[in-house]
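Shown here: input.txt, compact mmCIF, C-alpha atoms.
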# COMPACT_ATOMS: atom_id res chain seq x y z
CA MET A 262 115.21 94.24 179.96
CA GLU A 263 117.51 94.06 176.97
CA PHE A 264 116.00 90.75 175.97
CA ILE A 265 112.49 92.22 176.06
CA THR A 266 113.57 95.11 173.82
CA PHE A 267 115.10 92.62 171.43
CA ILE A 268 111.90 90.55 171.29
CA ILE A 269 109.78 93.67 170.73
CA LEU A 270 112.07 94.89 167.94
CA MET A 271 111.98 91.45 166.33
CA MET A 272 108.19 91.37 166.42
CA LEU A 273 107.87 94.91 165.08
CA GLY A 274 110.38 94.15 162.34
CA TYR A 275 108.65 90.94 161.37
CA GLY A 276 105.15 92.41 161.37
CA PHE A 277 105.80 95.70 159.62
CA GLY A 278 108.56 94.31 157.42
CA THR A 279 106.45 91.48 156.00
CA TRP A 280 103.50 93.80 155.50
CA ALA A 281 105.61 96.46 153.76
CA GLU A 282 107.31 93.90 151.55
CA ARG A 283 104.05 92.33 150.44
CA ARG A 284 102.58 95.74 149.66
CA HIS A 285 105.70 96.79 147.79
CA TYR A 286 105.74 93.64 145.65
CA LYS A 287 102.08 94.15 144.80
CA SER A 288 102.72 97.71 143.66
CA ILE A 289 105.83 96.65 141.70
CA GLU A 290 103.90 93.94 139.86
CA GLU A 291 101.04 96.29 139.01
CA ARG A 292 103.35 98.95 137.63
CA GLU A 293 105.46 96.41 135.75
CA MET A 294 102.32 95.27 133.94
CA LYS A 295 101.61 98.87 133.03
CA TYR A 296 105.06 99.39 131.51
CA GLN A 297 105.31 95.98 129.87
CA LYS A 298 105.07 97.54 126.40
CA LEU A 299 108.11 99.78 126.90
CA PRO A 300 111.26 97.92 125.76
CA THR A 301 114.12 98.41 128.21
CA ILE A 302 117.35 97.00 126.84
CA GLY A 303 121.04 96.99 127.63
CA LEU A 304 122.15 97.38 124.02
CA LYS A 305 123.84 100.53 122.83
CA HIS A 306 121.88 100.74 119.59
CA PRO A 307 118.14 101.32 119.36
CA LEU A 308 115.86 98.53 118.21
CA PRO A 309 114.65 98.97 114.61
CA GLN A 310 111.58 101.14 114.75
CA PRO A 311 109.50 102.90 112.10
CA GLY A 312 109.39 106.66 112.21
CA ARG A 313 111.99 109.22 113.15
CA VAL A 314 113.49 110.20 116.47
CA VAL A 315 111.92 113.25 118.01
CA LYS A 316 113.53 113.16 121.43
CA ALA A 317 116.45 111.43 123.13
CA GLN A 318 117.15 112.08 126.78
CA LEU A 319 118.66 110.56 129.87
CA ALA A 320 116.17 108.71 132.08
CA VAL A 321 117.10 108.10 135.72
CA GLY A 322 115.51 106.42 138.71
CA ASN A 323 116.81 105.65 142.16
CA VAL A 324 115.66 104.17 145.44
CA VAL A 325 117.13 103.66 148.90
CA ILE A 326 115.64 100.72 150.69
CA SER A 327 116.28 99.21 154.09
CA VAL A 328 115.93 95.73 155.50
CA ASP A 329 113.94 95.24 158.72
CA TYR A 330 115.26 94.16 162.11
CA PHE A 331 113.97 90.62 161.89
CA LYS A 332 115.54 89.95 158.51
CA ARG A 333 118.80 91.47 159.61
CA PHE A 334 118.81 89.03 162.50
CA LEU A 335 118.09 86.12 160.14
CA ALA A 336 120.96 87.24 157.93
CA SER A 337 123.34 87.39 160.89
CA LEU A 338 122.36 83.79 161.71
CA ARG A 339 123.11 82.91 158.10
CA ASN A 340 126.57 84.36 158.59
CA ILE A 341 127.27 81.53 161.02
CA PHE A 342 125.93 78.64 158.94
CA GLY A 343 126.51 79.96 155.44
CA GLY A 344 124.24 79.49 152.45
CA ARG A 345 121.67 81.58 150.64
CA VAL A 346 120.57 84.72 152.45
CA SER A 347 117.06 84.90 151.02
CA SER A 348 116.10 87.84 153.24
CA TYR A 349 118.65 90.03 151.46
CA GLU A 350 117.83 88.58 148.06
CA THR A 351 114.33 90.02 148.24
CA LEU A 352 115.79 93.37 149.38
CA VAL A 353 118.03 93.80 146.32
CA ASP A 354 115.35 92.39 144.02
CA ARG A 355 112.82 94.95 145.25
CA ALA A 356 115.32 97.78 145.01
CA ARG A 357 116.39 96.96 141.43
CA ARG A 358 112.85 96.53 140.16
CA GLU A 359 111.70 99.72 141.87
CA ALA A 360 114.61 101.74 140.46
CA THR A 361 113.96 100.41 136.95
CA LEU A 362 110.27 101.29 137.27
CA ARG A 363 111.08 104.81 138.43
CA MET A 364 113.38 105.22 135.46
CA LYS A 365 110.53 104.18 133.16
CA GLU A 366 108.11 106.52 134.91
CA SER A 367 110.51 109.45 134.56
CA CYS A 368 110.09 109.59 130.76
CA PRO A 369 106.41 109.44 129.81
CA GLY A 370 105.83 108.90 126.10
CA ALA A 371 109.17 107.21 125.39
CA THR A 372 109.23 104.40 122.81
CA GLN A 373 112.25 102.55 124.16
CA ILE A 374 114.99 102.89 126.76
CA ILE A 375 118.41 101.69 125.65
CA ASN A 376 121.79 101.12 127.31
CA VAL A 377 120.28 100.62 130.74
CA ARG A 378 122.80 100.48 133.57
CA LEU A 379 122.12 99.55 137.18
CA GLU A 380 124.37 100.64 140.00
CA THR A 381 124.16 99.33 143.54
CA ALA A 382 125.72 100.98 146.58
CA SER A 383 125.60 100.02 150.22
CA LEU A 384 124.75 103.02 152.35
CA SER A 385 124.63 102.05 156.00
CA LYS A 386 127.63 103.07 157.97
CA ASN A 387 126.05 103.22 161.42
CA THR A 388 125.16 99.56 161.70
CA ARG A 389 127.55 96.83 162.71
CA LYS A 390 130.54 96.18 160.51
CA GLY A 391 129.85 93.82 157.65
CA SER A 392 126.07 94.10 157.65
CA ILE A 393 124.28 95.54 154.63
CA GLY A 394 121.34 97.34 156.26
CA SER A 395 120.29 99.68 153.48
CA ILE A 396 121.20 99.82 149.82
CA GLU A 397 120.77 102.30 147.03
CA VAL A 398 120.05 101.23 143.47
CA PHE A 399 120.40 103.76 140.69
CA ALA A 400 119.14 102.93 137.19
CA TYR A 401 119.86 105.04 134.13
CA GLY A 402 119.46 104.77 130.40
CA THR A 403 118.67 106.73 127.26
CA ALA A 404 114.98 107.16 126.53
CA ILE A 405 114.17 107.57 122.85
CA THR A 406 110.85 108.81 121.52
CA TYR A 407 109.85 107.99 117.95
CA LYS A 408 107.06 109.53 115.97
CA MET G 43 121.19 120.55 126.74
CA LEU G 44 120.85 117.01 125.38
CA ILE G 45 122.23 114.24 127.55
CA THR G 46 122.49 110.53 126.71
CA ASN G 47 124.52 107.60 127.96
CA ILE G 48 125.25 106.18 124.49
CA GLU G 49 127.93 107.33 122.05
CA MET G 50 125.54 109.35 119.91
CA ILE G 51 122.36 111.38 119.98
CA PRO G 52 119.79 109.41 117.97
CA GLY G 53 118.42 111.50 115.13
CA ARG G 54 121.22 114.07 115.34
CA LYS G 55 124.70 114.28 113.89
CA ILE G 56 127.72 115.06 116.03
CA VAL G 57 129.81 117.75 114.36
CA GLN G 58 132.41 118.55 117.02
CA HIS G 59 133.92 116.95 120.13
CA HIS G 60 135.01 119.12 123.05
CA GLY G 61 136.42 116.53 125.46
CA LEU G 62 135.55 115.25 128.89
CA VAL G 63 133.30 117.20 131.23
CA SER G 64 132.46 116.21 134.78
CA GLY G 65 130.60 117.35 137.84
CA SER G 66 130.68 116.14 141.39
CA THR G 67 129.12 116.87 144.73
CA VAL G 68 129.79 115.60 148.23
CA ARG G 69 126.79 115.40 150.50
CA ALA G 70 126.46 114.58 154.14
CA LYS G 71 123.29 113.26 155.65
CA HIS G 72 120.97 115.18 157.86
CA VAL G 73 120.42 114.44 161.55
CA GLY G 74 116.63 114.40 161.22
CA ARG G 75 116.80 112.10 158.26
CA ASP G 76 119.24 109.90 160.10
CA ILE G 77 116.80 109.42 162.99
CA MET G 78 114.09 108.45 160.52
CA ALA G 79 116.51 106.09 158.82
CA GLY G 80 117.26 104.51 162.19
CA LEU G 81 113.55 103.83 162.67
CA LYS G 82 113.27 102.44 159.16
CA ASN G 83 116.13 100.10 159.95
CA ILE G 84 113.73 98.42 162.39
CA PHE G 85 110.62 98.39 160.21
CA GLY G 86 112.21 98.05 156.80
CA GLY G 87 111.06 99.83 153.67
CA GLU G 88 112.08 102.77 151.58
CA LEU G 89 114.17 105.55 153.11
CA LYS G 90 112.44 108.41 151.27
CA GLY G 91 114.68 111.09 152.79
CA TYR G 92 117.78 109.40 151.44
CA THR G 93 116.22 108.76 148.04
CA GLU G 94 115.44 112.48 147.76
CA LEU G 95 118.87 113.48 149.03
CA LEU G 96 120.63 111.36 146.42
CA THR G 97 118.29 112.53 143.62
CA GLU G 98 119.01 116.17 144.49
CA SER G 99 122.73 115.55 144.72
CA ARG G 100 122.85 113.86 141.33
CA LYS G 101 120.87 116.74 139.85
CA GLU G 102 123.41 119.16 141.25
CA ALA G 103 126.36 117.15 139.92
CA MET G 104 124.68 117.02 136.51
CA GLY G 105 124.04 120.76 136.69
CA ARG G 106 127.75 121.36 137.20
CA MET G 107 128.60 119.08 134.30
CA LYS G 108 126.13 120.92 132.05
CA GLU G 109 127.58 124.26 133.13
CA GLN G 110 131.07 123.10 132.17
CA ALA G 111 129.83 121.80 128.82
CA LYS G 112 128.09 125.11 128.14
CA GLN G 113 131.29 127.04 128.80
CA MET G 114 133.05 124.88 126.21
CA GLY G 115 130.38 125.81 123.69
CA ALA G 116 128.82 122.35 123.54
CA ASN G 117 125.10 121.73 123.23
CA ALA G 118 125.03 118.05 124.22
CA VAL G 119 126.80 115.57 126.50
CA VAL G 120 127.11 111.95 125.36
CA ASN G 121 128.31 108.74 127.00
CA VAL G 122 127.43 109.91 130.50
CA ARG G 123 128.48 107.69 133.43
CA PHE G 124 127.63 107.94 137.11
CA SER G 125 129.70 106.80 140.04
CA THR G 126 129.18 106.90 143.78
CA SER G 127 131.82 106.64 146.48
CA SER G 128 131.67 107.17 150.20
CA VAL G 129 134.48 109.52 151.18
CA ALA G 130 133.81 109.52 154.93
CA SER G 131 131.27 107.90 157.18
CA GLY G 132 128.01 109.73 156.60
CA ALA G 133 129.14 111.55 153.45
CA ALA G 134 128.93 110.37 149.88
CA GLU G 135 130.43 111.70 146.68
CA LEU G 136 128.36 111.58 143.52
CA TYR G 137 130.34 111.97 140.36
CA VAL G 138 129.05 112.25 136.83
CA TYR G 139 131.14 112.53 133.68
CA GLY G 140 130.67 112.48 129.94
CA THR G 141 131.90 113.80 126.61
CA ALA G 142 130.81 117.28 125.53
CA VAL G 143 129.86 117.49 121.87
CA THR G 144 128.16 119.84 119.46
CA VAL G 145 125.27 118.40 117.49
CA GLN G 146 123.39 119.81 114.56

As structure tokens - that is how I would like this structure written.
Amino acid sequence: MEFITFIILMMLGYGFGTWAERRHYKSIEEREMKYQKLPTIGLKHPLPQPGRVVKAQLAVGNVVISVDYFKRFLASLRNIFGGRVSSYETLVDRARREATLRMKESCPGATQIINVRLETASLSKNTRKGSIGSIEVFAYGTAITYK
Amino acid sequence: MLITNIEMIPGRKIVQHHGLVSGSTVRAKHVGRDIMAGLKNIFGGELKGYTELLTESRKEAMGRMKEQAKQMGANAVVNVRFSTSSVASGAAELYVYGTAVTVQ
């Protein structure tokens, strides 16, 4: 009985997880194209820009994202053999790009976002010890609008 | 209230420093949200409930920081930093701090 539950969870995780990831990547890529013109930099000083500053404000964006059952199983296998855990690499990649995009979306009309910082926190406490499960990425920076 | 995470406010001049201001909030998660999160742990994807919870909590922490800055007579907070720590299982502390200044 337990084995059947495990197989069902694996199949559900694989099916929905792969579908959700593909859809998420598609949406990330579309929105990244849209915001390609907005410079997002880690420097503390604004890029030289004609005009004067009309607005400077904090821009924030965050996302909590979880890995699916199948990928968690793959990662636990990886814990035995060692090596790259590509299933978690896509998880953090998606989370960071999504948080950065939300930060950009939070300040319409901005000319540039400077001093961007990204913070990552592991959230899951209910899963087995040592597994990541879900992570939060928080992105923040200063959005400057020139005119 | 102007807030930035750099040492200055672009386009404005800082005339007075008031010192460090901070705000924090400790939040626990919600049973309903936790059940949803459990489901999402199978399917994968964004945990919208948690995203909202953390956004609200950070807003509250920032509100407290702004309140403190206002009491000091500041009109801006510069060099803002965020930090997150889990104080107990199921509860997280969100802390935000910065320097209160007066700008022209």

**Message:** Quick check, in Å to one decimal: how far apart do atom CA of Val325 of chain A and atom CA of Val346 of chain A lie?
**Reply:**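 Interatomic distance, atom CA of Val325 of chain A to atom CA of Val346 of chain A: 19.6 Å.
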
**Message:** Distance cut-off 7 Å, counting only C-alpha atoms - which residues of chain A neighbour chain G? Return them as a list in words.
**Reply:**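 Per the criterion, chain A yields Leu270, Leu273, Gly274, Phe277, Gly278, Ala281, Lys305, Val314, Ala317, Gln318, Leu319, Asn323, Val324, Val325, Ile326, Ser327, Val328, Asp329, Tyr330, Asn376, Lys386, Gly394, Gly402 and Thr403 of chain A.
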
**Request:** Please indicate the distance in Å from atom CA of Glu109 of chain G to atom CA of His59 of chain G, rounded to one decimal place.
**Result:**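 Going from atom CA of Glu109 of chain G over to atom CA of His59 of chain G, I get 16.2 Å.
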
**Request:** Kindly indicate which residue among G:Ile77, G:Ile56, G:Leu62, G:Val145 lies nearest to Met114 of chain G, using all atoms listed in the file for the distances.
**Result:** G:Leu62

**Request:** Please indicate the distance in Å from atom CA of Ala142 of chain G to atom CA of Ala118 of chain G, rounded to one decimal place.
**Result:**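 Computed distance, atom CA of Ala142 of chain G to atom CA of Ala118 of chain G, equals 6.0 Å.
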
**Prompt:** Taking only C-alpha atoms into account, which of G:Ala70, G:Gly65, G:Thr144, G:Tyr137 comes nearest Lys108 of chain G?
**Reply:** G:Gly65

Skip Gly322 of chain A itself and residues of its chain fewer than 6 positions away, then list as a PDB file with C-alpha atoms, in the coordinates of the input all residues within 10 Å of it, counting only C-alpha atoms.
ATOM      1  CA  ARG A 357     116.390  96.960 141.430  1.00  0.00           C
ATOM      2  CA  GLU A 359     111.700  99.720 141.870  1.00  0.00           C
ATOM      3  CA  ALA A 360     114.610 101.740 140.460  1.00  0.00           C
ATOM      4  CA  THR A 361     113.960 100.410 136.950  1.00  0.00           C
ATOM      5  CA  LEU A 362     110.270 101.290 137.270  1.00  0.00           C
ATOM      6  CA  ARG A 363     111.080 104.810 138.430  1.00  0.00           C
ATOM      7  CA  MET A 364     113.380 105.220 135.460  1.00  0.00           C
ATOM      8  CA  LYS A 365     110.530 104.180 133.160  1.00  0.00           C
ATOM      9  CA  GLU A 366     108.110 106.520 134.910  1.00  0.00           C
ATOM     10  CA  SER A 367     110.510 109.450 134.560  1.00  0.00           C
ATOM     11  CA  LEU A 379     122.120  99.550 137.180  1.00  0.00           C
ATOM     12  CA  VAL A 398     120.050 101.230 143.470  1.00  0.00           C
ATOM     13  CA  PHE A 399     120.400 103.760 140.690  1.00  0.00           C
ATOM     14  CA  ALA A 400     119.140 102.930 137.190  1.00  0.00           C
ATOM     15  CA  TYR A 401     119.860 105.040 134.130  1.00  0.00           C
ATOM     16  CA  GLY A 402     119.460 104.770 130.400  1.00  0.00           C
TER      17      GLY A 402
ATOM     18  CA  THR G  93     116.220 108.760 148.040  1.00  0.00           C
ATOM     19  CA  THR G  97     118.290 112.530 143.620  1.00  0.00           C
TER      20      THR G  97
END

**Prompt:** In terms of the shortest atom-to-atom distance over only C-alpha atoms, which of A:Tyr286, A:Leu384, A:Tyr275, A:Arg339 is closest to Thr351 of chain A?
**Reply:**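 Of A:Tyr286, A:Leu384, A:Tyr275, A:Arg339, the one nearest Thr351 of chain A is A:Tyr286, counting only C-alpha atoms.
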
Regenerate segment 116-129 of chain G at the level of N, CA, C and O atoms and dump it as an mmCIF file, in the coordinates of the input.
data_model
loop_
_atom_site.group_PDB
_atom_site.id
_atom_site.type_symbol
_atom_site.label_atom_id
_atom_site.label_comp_id
_atom_site.auth_asym_id
_atom_site.auth_seq_id
_atom_site.Cartn_x
_atom_site.Cartn_y
_atom_site.Cartn_z
ATOM 1 N N ALA G 116 129.495 123.566 123.991
ATOM 2 C CA ALA G 116 128.820 122.350 123.540
ATOM 3 C C ALA G 116 127.315 122.500 123.739
ATOM 4 O O ALA G 116 126.868 123.306 124.560
ATOM 5 N N ASN G 117 126.538 121.722 122.996
ATOM 6 C CA ASN G 117 125.100 121.730 123.230
ATOM 7 C C ASN G 117 124.564 120.345 123.591
ATOM 8 O O ASN G 117 123.365 120.134 123.682
ATOM 9 N N ALA G 118 125.472 119.383 123.798
ATOM 10 C CA ALA G 118 125.030 118.050 124.220
ATOM 11 C C ALA G 118 126.169 117.353 124.963
ATOM 12 O O ALA G 118 127.344 117.697 124.785
ATOM 13 N N VAL G 119 125.808 116.392 125.812
ATOM 14 C CA VAL G 119 126.800 115.570 126.500
ATOM 15 C C VAL G 119 126.428 114.114 126.215
ATOM 16 O O VAL G 119 125.298 113.706 126.456
ATOM 17 N N VAL G 120 127.383 113.364 125.659
ATOM 18 C CA VAL G 120 127.110 111.950 125.360
ATOM 19 C C VAL G 120 127.962 111.048 126.241
ATOM 20 O O VAL G 120 128.913 111.494 126.866
ATOM 21 N N ASN G 121 127.587 109.774 126.243
ATOM 22 C CA ASN G 121 128.310 108.740 127.000
ATOM 23 C C ASN G 121 128.484 109.090 128.476
ATOM 24 O O ASN G 121 129.576 108.988 129.032
ATOM 25 N N VAL G 122 127.397 109.496 129.097
ATOM 26 C CA VAL G 122 127.430 109.910 130.500
ATOM 27 C C VAL G 122 127.509 108.689 131.420
ATOM 28 O O VAL G 122 126.835 107.688 131.195
ATOM 29 N N ARG G 123 128.357 108.752 132.423
ATOM 30 C CA ARG G 123 128.480 107.690 133.430
ATOM 31 C C ARG G 123 128.339 108.291 134.811
ATOM 32 O O ARG G 123 128.762 109.413 135.044
ATOM 33 N N PHE G 124 127.782 107.499 135.717
ATOM 34 C CA PHE G 124 127.630 107.940 137.110
ATOM 35 C C PHE G 124 128.499 107.069 137.999
ATOM 36 O O PHE G 124 128.651 105.878 137.744
ATOM 37 N N SER G 125 129.025 107.649 139.061
ATOM 38 C CA SER G 125 129.700 106.800 140.040
ATOM 39 C C SER G 125 129.494 107.373 141.443
ATOM 40 O O SER G 125 129.364 108.583 141.619
ATOM 41 N N THR G 126 129.428 106.509 142.394
ATOM 42 C CA THR G 126 129.180 106.900 143.780
ATOM 43 C C THR G 126 130.315 106.345 144.636
ATOM 44 O O THR G 126 130.713 105.203 144.473
ATOM 45 N N SER G 127 130.835 107.170 145.541
ATOM 46 C CA SER G 127 131.820 106.640 146.480
ATOM 47 C C SER G 127 131.595 107.294 147.834
ATOM 48 O O SER G 127 131.197 108.453 147.917
ATOM 49 N N SER G 128 131.823 106.549 148.882
ATOM 50 C CA SER G 128 131.670 107.170 150.200
ATOM 51 C C SER G 128 133.053 107.631 150.648
ATOM 52 O O SER G 128 133.992 106.847 150.739
ATOM 53 N N VAL G 129 133.180 108.949 150.856
ATOM 54 C CA VAL G 129 134.480 109.520 151.180
ATOM 55 C C VAL G 129 134.742 109.467 152.690
ATOM 56 O O VAL G 129 135.866 109.333 153.128
#
